[in-house]
Every structure is written in C-alpha cells, then in structure tokens.
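Have a look at data_39.txt; it's compact mmCIF, C-alpha atoms:
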# COMPACT_ATOMS: atom_id res chain seq x y z
CA MET R 1 171.68 82.20 174.43
CA LEU R 2 174.61 79.87 175.06
CA LEU R 3 172.58 76.95 173.74
CA ARG R 4 171.81 78.91 170.59
CA TYR R 5 175.50 79.68 170.00
CA PHE R 6 176.33 76.05 170.64
CA LEU R 7 173.78 74.89 168.05
CA LEU R 8 175.07 77.45 165.52
CA LEU R 9 178.63 76.27 166.12
CA CYS R 10 177.57 72.65 165.56
CA LEU R 11 175.83 73.59 162.32
CA TRP R 12 178.91 75.51 161.15
CA LEU R 13 181.23 72.63 161.96
CA GLN R 14 178.91 70.21 160.20
CA SER R 15 178.73 72.36 157.03
CA ALA R 16 182.51 72.91 157.10
CA SER R 17 183.14 69.17 157.38
CA VAL R 18 180.75 68.50 154.49
CA LEU R 19 182.52 71.15 152.38
CA TYR R 20 185.92 69.66 153.22
CA ALA R 21 184.65 66.16 152.40
CA ASN R 22 183.23 67.36 149.07
CA GLU R 23 186.48 69.15 148.28
CA HIS R 24 188.48 66.03 149.12
CA ILE R 25 186.21 63.85 146.98
CA PHE R 26 186.48 66.24 144.02
CA ASN R 27 190.27 66.47 144.28
CA LYS R 28 190.63 62.70 144.61
CA ASN R 29 188.34 61.89 141.66
CA TYR R 30 189.72 64.71 139.54
CA GLN R 31 193.30 63.56 140.09
CA ALA R 32 192.32 59.96 139.28
CA LEU R 33 190.84 61.15 135.98
CA VAL R 34 193.90 63.29 135.21
CA ASP R 35 196.15 60.30 135.86
CA GLU R 36 194.03 58.24 133.48
CA VAL R 37 194.14 60.90 130.76
CA THR R 38 197.88 61.55 131.03
CA ARG R 39 198.69 57.86 130.63
CA LYS R 40 197.62 58.25 127.01
CA PRO R 41 200.02 59.95 124.57
CA TYR R 42 199.38 63.63 123.97
CA LEU R 43 201.99 65.99 122.59
CA GLN R 44 202.15 69.28 124.47
CA PRO R 45 203.23 72.50 122.69
CA GLN R 46 206.45 71.99 120.75
CA LEU R 47 208.54 74.74 119.16
CA ASP R 48 209.55 72.86 116.01
CA PHE R 49 206.31 71.91 114.26
CA SER R 50 208.00 69.83 111.55
CA ASN R 51 209.36 67.62 114.31
CA ALA R 52 206.02 67.69 116.14
CA ILE R 53 204.08 66.48 113.10
CA GLU R 54 206.47 63.54 112.67
CA ARG R 55 205.97 62.59 116.31
CA LEU R 56 202.20 62.94 115.98
CA LYS R 57 202.14 60.59 112.99
CA LYS R 58 203.79 57.90 115.13
CA GLN R 59 201.55 58.33 118.19
CA PRO R 60 199.02 55.59 118.93
CA LYS R 61 195.43 56.63 118.37
CA ILE R 62 193.13 57.49 121.25
CA ALA R 63 189.73 55.94 120.61
CA GLU R 64 186.79 58.30 120.40
CA ASN R 65 184.83 56.29 122.95
CA THR R 66 187.77 56.62 125.37
CA VAL R 67 187.54 60.41 125.25
CA SER R 68 183.76 60.19 125.61
CA GLU R 69 184.20 58.09 128.74
CA TRP R 70 186.60 60.66 130.16
CA GLN R 71 184.16 63.45 129.42
CA ALA R 72 181.34 61.52 131.10
CA LYS R 73 183.51 61.01 134.22
CA LEU R 74 184.36 64.71 134.28
CA GLN R 75 180.70 65.70 134.14
CA LYS R 76 180.03 63.64 137.26
CA LEU R 77 182.42 65.83 139.24
CA THR R 78 180.98 68.85 141.02
CA PRO R 79 183.51 71.65 141.58
CA LYS R 80 182.93 73.53 144.83
CA THR R 81 185.72 76.11 144.87
CA THR R 82 187.04 78.59 142.34
CA CYS R 83 190.25 76.59 141.90
CA GLN R 84 188.21 73.43 141.30
CA GLN R 85 186.12 75.24 138.68
CA ILE R 86 189.32 76.30 136.89
CA ALA R 87 190.66 72.74 137.02
CA PHE R 88 187.32 71.34 135.81
CA GLN R 89 187.10 73.72 132.85
CA SER R 90 190.77 73.26 132.00
CA LEU R 91 190.48 69.49 131.80
CA GLY R 92 187.27 69.78 129.76
CA ASN R 93 189.06 72.00 127.24
CA HIS R 94 191.98 69.56 127.15
CA LEU R 95 189.65 66.65 126.34
CA ARG R 96 188.06 68.68 123.56
CA ARG R 97 191.51 69.36 122.09
CA ILE R 98 192.29 65.64 122.19
CA ASN R 99 189.15 64.93 120.17
CA VAL R 100 190.04 67.56 117.59
CA ARG R 101 193.62 66.30 117.25
CA GLU R 102 192.59 62.67 116.88
CA SER R 103 190.18 63.68 114.12
CA LEU R 104 192.93 65.63 112.32
CA LYS R 105 195.45 62.79 112.73
CA LYS R 106 193.18 60.41 110.82
CA ALA R 107 193.83 62.34 107.60
CA LEU R 108 197.62 62.41 108.05
CA ALA R 109 199.53 60.18 105.68
CA LYS R 110 203.10 59.00 106.11
CA GLU R 111 204.18 61.40 103.41
CA SER R 112 202.47 64.38 105.04
CA GLN R 113 205.15 66.92 105.86
CA TYR R 114 205.35 70.42 107.25
CA SER R 115 207.74 72.73 105.44
CA GLY R 116 207.09 76.20 106.77
CA ASP R 117 203.35 76.69 106.42
CA PHE R 118 200.23 74.60 106.90
CA SER R 119 198.98 74.58 103.30
CA ALA R 120 200.70 71.26 102.44
CA LEU R 121 198.99 69.40 105.29
CA PRO R 122 195.54 67.83 104.93
CA ASN R 123 193.12 70.21 106.65
CA GLY R 124 195.98 72.66 107.01
CA ARG R 125 193.93 75.58 108.31
CA LEU R 126 192.22 73.34 110.86
CA TRP R 127 195.64 72.11 111.98
CA TYR R 128 196.74 75.69 112.48
CA LEU R 129 193.64 76.52 114.55
CA HIS R 130 194.28 73.45 116.67
CA TRP R 131 197.97 74.27 117.14
CA LEU R 132 197.04 77.85 118.01
CA GLU R 133 194.72 76.64 120.75
CA THR R 134 197.34 74.16 121.96
CA TRP R 135 199.73 77.07 122.55
CA LEU R 136 197.21 79.62 123.83
CA MET R 137 195.04 77.20 125.82
CA ASP R 138 192.11 79.33 124.75
CA ASP R 139 189.49 79.19 122.01
CA VAL R 140 190.21 82.45 120.21
CA THR R 141 189.79 83.08 116.48
CA PRO R 142 192.48 84.44 114.14
CA SER R 143 190.37 87.53 113.49
CA GLU R 144 190.14 88.25 117.24
CA LEU R 145 193.90 87.84 117.55
CA GLN R 146 194.48 90.15 114.60
CA LYS R 147 192.35 92.81 116.29
CA VAL R 148 194.33 92.47 119.54
CA ALA R 149 197.66 92.59 117.69
CA PHE R 150 196.74 95.53 115.47
CA ASN R 151 195.62 97.57 118.48
CA GLU R 152 198.89 96.74 120.28
CA LEU R 153 200.83 97.65 117.15
CA GLN R 154 199.19 101.07 116.80
CA VAL R 155 199.63 101.98 120.48
CA ALA R 156 203.24 100.79 120.69
CA PHE R 157 204.28 102.25 117.34
CA THR R 158 202.88 105.69 118.20
CA GLN R 159 204.79 105.69 121.49
CA TYR R 160 207.91 104.32 119.81
CA GLN R 161 207.93 107.14 117.25
CA LYS R 162 207.51 109.74 119.99
CA ILE R 163 210.25 108.33 122.24
CA SER R 164 212.62 107.67 119.34
CA SER R 165 212.47 111.33 118.36
CA GLN R 166 213.71 112.20 121.87
CA ALA R 167 216.24 109.38 122.26
CA HIS R 168 219.86 109.84 121.43
CA VAL R 169 220.99 106.97 119.21
CA SER R 170 223.42 105.12 121.43
CA THR R 171 225.94 102.50 120.40
CA ALA R 172 227.27 102.01 123.93
CA ALA R 173 227.83 98.33 124.62
CA ILE R 174 229.74 95.88 126.78
CA PRO R 175 231.85 93.30 124.93
CA ALA R 176 230.56 89.75 125.44
CA ALA R 177 233.93 88.71 126.89
CA GLU R 178 233.49 91.10 129.84
CA HIS R 179 231.10 88.87 131.78
CA GLN R 180 231.57 90.54 135.18
CA LYS R 181 230.68 93.97 133.75
CA ILE R 182 227.56 92.52 132.18
CA VAL R 183 226.53 90.87 135.46
CA ALA R 184 227.19 94.10 137.36
CA ALA R 185 224.98 96.04 134.92
CA PHE R 186 222.11 93.60 135.45
CA THR R 187 222.65 93.54 139.23
CA THR R 188 222.33 97.34 139.36
CA ARG R 189 218.93 96.99 137.74
CA GLU R 190 217.96 94.20 140.13
CA GLN R 191 218.54 96.48 143.12
CA LYS R 192 216.31 99.21 141.68
CA VAL R 193 213.52 96.79 140.84
CA LYS R 194 213.57 95.02 144.21
CA ALA R 195 213.14 98.36 145.95
CA ASN R 196 209.76 98.74 144.21
CA LEU R 197 208.32 95.23 144.60
CA GLN R 198 206.27 96.13 147.66
CA THR R 199 204.67 99.15 146.00
CA MET R 200 204.01 97.46 142.67
CA LEU R 201 203.18 93.88 143.59
CA ASN R 202 202.77 93.75 147.38
CA LEU R 203 205.89 91.60 147.68
CA PRO R 204 207.92 93.04 150.57
CA GLU R 205 210.74 90.49 150.37
CA PHE R 206 212.11 88.38 147.56
CA ASP R 207 215.44 86.71 148.07
CA ALA R 208 215.56 83.79 145.63
CA PRO R 209 219.04 84.10 144.06
CA LEU R 210 219.29 84.55 140.31
CA THR R 211 222.36 83.34 138.44
CA ILE R 212 223.29 85.42 135.38
CA ALA R 213 225.36 83.68 132.71
CA PRO R 214 226.05 83.81 128.97
CA SER R 215 223.74 81.54 126.98
CA GLY R 216 226.38 79.66 125.01
CA LEU R 217 223.79 79.31 122.24
CA PRO R 218 224.58 79.75 118.53
CA GLU R 219 224.64 83.31 117.19
CA SER R 220 221.51 82.48 115.15
CA PHE R 221 219.38 81.91 118.27
CA PRO R 222 216.45 84.34 117.76
CA ALA R 223 216.31 85.98 121.21
CA PRO R 224 218.61 88.19 123.30
CA GLY R 225 218.12 86.07 126.41
CA ILE R 226 216.21 83.23 128.04
CA TYR R 227 215.35 82.07 131.54
CA ASP R 228 216.02 78.50 132.66
CA ASN R 229 213.61 77.87 135.52
CA GLN R 230 215.15 74.47 136.29
CA THR R 231 218.45 76.06 137.30
CA GLN R 232 217.07 79.56 138.02
CA ARG R 233 219.51 81.06 135.59
CA PHE R 234 219.05 84.10 133.38
CA LEU R 235 221.05 83.41 130.22
CA TYR R 236 221.88 86.53 128.24
CA HIS R 237 222.62 86.06 124.55
CA PRO R 238 225.14 88.56 123.08
CA GLN R 239 224.63 89.59 119.48
CA ASN R 240 227.54 90.53 117.26
CA GLY R 241 229.85 89.95 120.21
CA GLU R 242 228.39 92.54 122.58
CA MET R 243 225.50 93.54 124.83
CA HIS R 244 224.05 96.98 124.06
CA LEU R 245 223.34 99.03 127.19
CA SER R 246 219.94 100.12 125.90
CA HIS R 247 218.83 96.47 125.97
CA PHE R 248 219.54 95.79 129.66
CA ASP R 249 216.42 97.29 131.30
CA TRP R 250 213.93 95.54 129.03
CA LEU R 251 215.77 92.24 129.12
CA TYR R 252 216.09 92.15 132.90
CA LEU R 253 212.43 93.02 133.43
CA HIS R 254 211.38 90.14 131.16
CA GLU R 255 213.78 87.39 132.23
CA GLY R 256 214.61 88.41 135.81
CA ILE R 257 212.47 90.43 138.21
CA PRO R 258 209.52 90.96 138.01
CA GLY R 259 209.55 88.63 134.99
CA HIS R 260 210.23 84.92 134.75
CA HIS R 261 212.52 84.52 137.76
CA LEU R 262 210.07 86.16 140.14
CA GLN R 263 207.15 84.40 138.49
CA PHE R 264 208.48 80.86 138.71
CA ASN R 265 209.50 81.31 142.34
CA VAL R 266 206.22 82.89 143.43
CA VAL R 267 203.97 80.31 141.77
CA GLY R 268 206.16 77.61 143.27
CA THR R 269 205.38 78.74 146.82
CA GLU R 270 202.44 81.17 146.80
CA SER R 271 200.18 80.17 143.91
CA LEU R 272 196.44 80.72 144.44
CA CYS R 273 195.58 77.35 142.87
CA PRO R 274 197.53 74.08 142.58
CA THR R 275 199.62 73.81 139.44
CA ASN R 276 197.62 72.36 136.56
CA ALA R 277 198.46 68.69 136.10
CA ILE R 278 197.78 68.79 132.36
CA VAL R 279 200.19 71.62 131.52
CA PRO R 280 202.50 72.50 134.44
CA ILE R 281 203.19 76.11 133.36
CA PRO R 282 201.12 77.36 130.40
CA PHE R 283 203.43 79.19 128.01
CA VAL R 284 200.85 81.89 127.27
CA SER R 285 200.51 82.73 130.98
CA SER R 286 204.27 82.70 131.52
CA GLU R 287 205.19 84.83 128.51
CA GLY R 288 202.11 87.00 128.93
CA TRP R 289 203.26 87.96 132.42
CA ALA R 290 206.83 88.67 131.30
CA ALA R 291 205.59 90.78 128.37
CA TYR R 292 203.20 92.70 130.61
CA VAL R 293 205.76 93.62 133.27
CA GLU R 294 207.99 95.18 130.61
CA THR R 295 205.40 97.99 130.56
CA LEU R 296 206.08 98.66 134.27
CA GLY R 297 209.68 99.68 133.67
CA LYS R 298 209.44 103.29 134.78
CA GLU R 299 207.41 102.40 137.85
CA MET R 300 210.05 99.80 138.76
CA GLY R 301 212.85 102.39 138.57
CA LEU R 302 214.12 101.62 135.05
CA TYR R 303 213.78 103.18 131.57
CA GLU R 304 215.53 106.27 132.89
CA LYS R 305 217.02 106.86 129.45
CA PRO R 306 214.80 107.31 126.39
CA SER R 307 216.96 104.84 124.44
CA SER R 308 216.04 102.04 126.90
CA GLU R 309 212.33 102.83 126.72
CA ALA R 310 212.51 103.06 122.92
CA TYR R 311 214.08 99.61 122.77
CA ALA R 312 211.27 98.15 124.90
CA LEU R 313 208.65 99.79 122.68
CA LYS R 314 210.41 98.46 119.61
CA TRP R 315 209.92 94.94 120.97
CA ARG R 316 206.22 95.60 121.51
CA VAL R 317 205.98 96.65 117.86
CA LEU R 318 207.99 93.62 116.79
CA ARG R 319 205.82 91.17 118.75
CA ALA R 320 202.60 92.64 117.37
CA LEU R 321 203.99 92.32 113.84
CA ARG R 322 204.88 88.69 114.54
CA VAL R 323 201.25 87.91 115.45
CA LEU R 324 199.95 89.41 112.21
CA ILE R 325 202.62 87.67 110.14
CA ASP R 326 202.09 84.31 111.88
CA ILE R 327 198.37 84.37 111.11
CA GLY R 328 199.05 85.75 107.64
CA ILE R 329 201.49 83.00 106.66
CA HIS R 330 199.81 80.05 108.33
CA TYR R 331 196.10 80.87 108.05
CA GLU R 332 195.83 83.28 105.13
CA SER R 333 198.65 81.80 102.99
CA TRP R 334 200.68 85.00 102.72
CA PRO R 335 203.80 84.86 100.56
CA ASP R 336 207.00 86.09 102.19
CA GLU R 337 206.77 89.31 100.18
CA LYS R 338 203.54 90.33 101.92
CA ALA R 339 205.01 89.59 105.35
CA LYS R 340 208.10 91.64 104.50
CA GLU R 341 205.97 94.51 103.21
CA LEU R 342 204.13 94.72 106.55
CA TRP R 343 207.39 94.58 108.48
CA GLN R 344 209.02 97.30 106.37
CA THR R 345 206.08 99.60 107.05
CA TYR R 346 206.89 99.66 110.77
CA LEU R 347 210.50 98.54 111.26
CA PRO R 348 212.33 99.27 108.00
CA GLU R 349 215.62 99.76 109.85
CA HIS R 350 215.65 96.10 110.95
CA SER R 351 215.54 94.06 107.76
CA GLU R 352 218.09 91.58 109.15
CA ILE R 353 215.77 90.83 112.09
CA MET R 354 212.82 90.60 109.69
CA VAL R 355 214.29 87.56 107.90
CA ARG R 356 215.14 85.92 111.22
CA GLU R 357 211.63 86.46 112.59
CA ILE R 358 209.85 85.19 109.49
CA ASN R 359 211.96 82.04 109.65
CA ARG R 360 211.14 81.69 113.35
CA ILE R 361 207.43 81.99 112.60
CA LYS R 362 207.68 79.30 109.97
CA ASN R 363 209.64 76.94 112.19
CA TRP R 364 207.75 77.68 115.43
CA PRO R 365 204.14 78.42 114.38
CA ALA R 366 201.83 80.05 116.97
CA GLN R 367 204.53 80.36 119.65
CA VAL R 368 205.15 84.06 118.99
CA ILE R 369 201.47 84.85 119.61
CA THR R 370 201.67 83.86 123.29
CA TYR R 371 203.42 87.09 124.32
CA VAL R 372 200.89 89.53 122.91
CA TYR R 373 197.81 87.47 123.72
CA GLY R 374 198.93 86.67 127.26
CA LYS R 375 199.68 90.35 127.90
CA TYR R 376 196.27 91.29 126.50
CA ARG R 377 194.48 88.84 128.81
CA ILE R 378 196.25 90.33 131.84
CA GLU R 379 195.42 93.91 130.83
CA LYS R 380 191.79 92.95 130.28
CA ALA R 381 191.59 91.17 133.66
CA ILE R 382 193.04 94.01 135.75
CA GLN R 383 191.23 96.84 133.94
CA PRO R 384 188.35 96.98 136.49
CA TYR R 385 190.84 97.19 139.38
CA GLN R 386 192.89 100.27 138.55
CA SER R 387 192.22 101.68 142.01
CA ASN R 388 193.60 98.50 143.54
CA ARG R 389 196.07 97.46 140.85
CA THR R 390 198.73 96.27 143.30
CA THR R 391 196.47 93.57 144.74
CA ALA R 392 195.14 92.64 141.30
CA LEU R 393 198.66 92.19 139.90
CA ASN R 394 199.68 90.16 142.95
CA HIS R 395 196.78 87.81 142.22
CA VAL R 396 197.55 87.66 138.50
CA LEU R 397 201.14 86.75 139.32
CA ARG R 398 200.01 84.00 141.69
CA LEU R 399 197.64 82.67 139.00
CA SER R 400 200.29 82.54 136.27
CA ASN R 401 200.66 78.78 136.73
CA GLN R 402 197.11 78.48 135.37
CA PRO R 403 195.68 78.77 131.84
CA PRO R 404 194.25 82.17 130.81
CA LEU R 405 190.72 81.12 131.74
CA ALA R 406 191.75 81.51 135.40
CA LEU R 407 191.91 85.28 134.89
CA GLU R 408 188.15 85.25 134.34
CA GLN R 409 187.84 84.29 138.02
CA LEU R 410 189.97 87.19 139.27
CA ALA R 411 186.91 88.84 140.84
CA ASP R 412 186.40 85.79 143.06
CA PHE R 413 189.97 85.90 144.33
CA MET R 414 189.79 89.66 144.87
CA SER R 415 186.55 89.17 146.83
CA ILE R 416 188.21 86.55 149.06
CA GLU R 417 191.06 89.01 149.70
CA ASN R 418 188.63 91.77 150.63
CA ASN R 419 186.66 89.51 152.98
CA ASN R 420 189.84 88.50 154.76

Give the structure from this file in structure tokens form.
Amino acid sequence: MLLRYFLLLCLWLQSASVLYANEHIFNKNYQALVDEVTRKPYLQPQLDFSNAIERLKKQPKIAENTVSEWQAKLQKLTPKTTCQQIAFQSLGNHLRRINVRESLKKALAKESQYSGDFSALPNGRLWYLHWLETWLMDDVTPSELQKVAFNELQVAFTQYQKISSQAHVSTAAIPAAEHQKIVAAFTTREQKVKANLQTMLNLPEFDAPLTIAPSGLPESFPAPGIYDNQTQRFLYHPQNGEMHLSHFDWLYLHEGIPGHHLQFNVVGTESLCPTNAIVPIPFVSSEGWAAYVETLGKEMGLYEKPSSEAYALKWRVLRALRVLIDIGIHYESWPDEKAKELWQTYLPEHSEIMVREINRIKNWPAQVITYVYGKYRIEKAIQPYQSNRTTALNHVLRLSNQPPLALEQLADFMSIENNN
C-alpha cells in the first residue's frame, strides 16, 4: 500500500512539474511575442479621433508578412490554463485588428480629415467598425449594439418615469467653493458603502485611501467627475458653480467605491489573471464595471431618496441614447436633427445636455458605447449565478483588467473556487 502511494505521489509530482514547465514555456514565448508586437507602432484607443487620424497617417506601415509571421508564432503556442487561453485569444484578436487597420491606412491620403463623422474618410463605415472594435475589444455589430442599447433604454426609461413621479424635485446643492462640505458628503456615502462590501462583493476589508478633490477642468468638460487611477483621486466636476445633492450617490458609486477606485486597487493586487500586456486596462471593462455597480446603489446603502435614484436612472437613459446616436451619426449618417429628435423623445428637459453629448459623440466616436456594452457583458456573464451572485461579482471585479472575452470563462473560475 505504501509503495502504491509512493508511486502515485511520484506520478503526481511528475505531471505537476510538466504542467509547470509547459506554463513557463507558454508565458516565456507569449511574452517574447508580445514584446515583438509592441515594438511596432499601434495607436490604442484615443478620445479625439481627429487627432488620432492625423497620428495614424504619420505612423510607419506594418508589413502584411510581419503580421502573418506573428500569427504563425502565436499558433505554435499551446495555452494550458484559463488565463493563458484569454491571453492567447486576446493577442490573436489584436493581430487581426492590426491587419484591418493597416489595410484601411493604405487608402488614407494626406488630405483625409475627420470632421465629426466618418463619411468623409475613405471606407468611412469600415473605419467606424474598426474604431468600435478598438474601443470595445470585441467583434460586435452595430445592429447587436443597437439591440442592447434599446433594451437598456426601455428598461431604464420605464423605471425613471416611475421613480420621477414619486421624487420631489430638489434643487438642494453645495456651492463649489465649499470643498470640505462636498468631501464630507462623499465620505458619508463611503462609510455606508464600505459596510456592505462583504455582503455584496465578498471583500471584508478595503482600506486604500481615496483623495477627493475638485477637477479644475473647464466648465465645458462633459462629465460630472472622473477618477485618476495614477494618483487615486476622485475629481468631482461642479456644474454651474455647485454640486447637486441628488448627484452624490450615483457619482460616488461610479468613481469611488465600488466603482473605479475599488476596481483599480483590487485588480492591482488580487486579479485572477495577469494584466494584459497589449491593453493594460481595457476601457470597456473598466467603464462597464463602474456602470454596472451604479445599479447596486440600494443594496450598498444609497439611493435612500427617490431623487438620487431618479438621477442614476436618468444617466442610464442618457447612456443608452448615446449608443444609438453614436451608431446613427457614424454608421447610418444621421443628421443632427434625427439625433436631437431621438433625444427629445426621452429627455426633453435636458436640451442643453443634448447638444453637449452630440458634440462629444462627434469628437470621441465609440467611447460612449463602452459603458452600456461593458455593463451588458457583466449582466450576461453573471445571469447564471444569481444564487451565488456575490462570488460571481467578486470574480468579475478581479477580471476587470481583462478584455470582455474573459467573462466567457467565468464558469471556469467559479469551478476553481468551488473545488477549493
């Protein structure tokens, strides 16, 4: 009997050493290929597409046979683990995008310019599809995105109408000059949210300090706040010289905890897979997570007042409209009048925001789609795990340094958790 156990142990150690060796070989060869690919110029997602197209025109060409050689090297690698499979597929998709972009760049002339829509560019619709995939890191069609956005619009708008009928219209606000009061208001929300992290996300302790400061950005900046992960600062952006109290819950959830601040700290120390070398933090995964956790407000101890919940729902409506307008302008050649007509159907009381958002969509094509699509991918991934949502969300959070395709492997990570 002892001899049998000894032989089994030897076999186990031998197989484990082979697996480790194979994993080491894959990681070494994969990283060597990534280093080779990233030495060549490739423009990652850029907000300002007019600037991006000028930079792309000046980039040296990447020869087709070079990409083919990279693809051949990739196919020789054999991923053994789930994380390796994600890395393998991610790099393969990246190489395909390089091929598409190089083909599109061939038709660009020096005089080719972007001025708010893609129609003036050679192969304008193909450029838009490519830029869409560059932002979303996923091969999804405009019609699929329209379906996702329209469903989100109908759900959010129905809830928004219901809550708005109950909410007292509040004009309560804190003047922008009263920084300490603004910080105190956000800190109160932080305490409530932290008390629910264990229940919601299986995170018993989270102590990474968050600095809250005014943005200092121009009044025209099209967002009420941003998160700077380099300095771990949440920068609130007053509008018309004040911060409305009904905005605080939604804004803190998105930019603070459990939004970007929690996300960037968790993936920095507890990610399920190493950060992707091609795109360090995919925008669609980052914004998708922050948009999703806004829906957890009540469970996190916020949205106690209908006006706060109504404001969050209004942003869900707004984001869904932005997706439809982005695709309409850039892929279906909508005039501004058609975009405005759609907006006025759902948010007629915000015509001043309408103009700002249409301009944003023209200047930053595809970027606005990341919120709704990323949120959709998370909801789709966790749907089978409603009885164990806490663990599923913990895994989604720890995968948010990966492209959306990683969510398709959620079952593998959940299985590993169960076996442990």

Neighbour list for segment 34-42 of chain R as an MDAnalysis selection string, cut-off 9 Å, all atoms listed in the file, skip fewer than 4 positions in-chain: chainID R and resid 29:30 56 59:62 67 70 91 95 98 277:278

Pairwise distance for atom CA of Val183 of chain R and atom CA of Gly241 of chain R, rounded to one decimal in Å: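 Atom-to-atom, atom CA of Val183 of chain R and atom CA of Gly241 of chain R are spaced 15.6 Å apart.
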
Exercise: Leu108 of chain R partners within 12 Å, only C-alpha atoms, chain neighbours under 6 positions left out, as a list in words: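 Residues near the query, excluding close chain neighbours: Ile53, Glu54, Arg55, Leu56, Lys57, Lys58, Gln59, Arg101, Glu102, Tyr114, Ala120, Leu121, Pro122, Asn123, Gly124 and Trp127 of chain R.
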
Atomic distance atom CA of Lys192 of chain R - atom CA of Ser271 of chain R, expressed in Å with one decimal: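 Atom-to-atom, atom CA of Lys192 of chain R and atom CA of Ser271 of chain R are spaced 25.1 Å apart.
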
Nearest-residue call for Glu133 of chain R, choices R:Leu321, R:Ile182, R:Val284, R:Ala52, using all atoms listed in the file: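 Of R:Leu321, R:Ile182, R:Val284, R:Ala52, the one nearest Glu133 of chain R is R:Val284, counting all atoms listed in the file.
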
Best match for closeness to Val317 of chain R among R:Ala381, R:Leu47, R:Leu201, R:Leu153, counting only C-alpha atoms: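 Selected residue with least distance to Val317 of chain R: R:Leu153.
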
I'd like the box whose edges run along x, y and z of the file and which contains every listed atom of segment 59-62 of chain R, padded by 5 Å per side; could you state its centre and edge lengths in Å, one decimal, as lines of an AutoDock Vina configuration file?
center_x = 197.3
center_y = 57.0
center_z = 119.7
size_x = 18.4
size_y = 12.7
size_z = 13.1
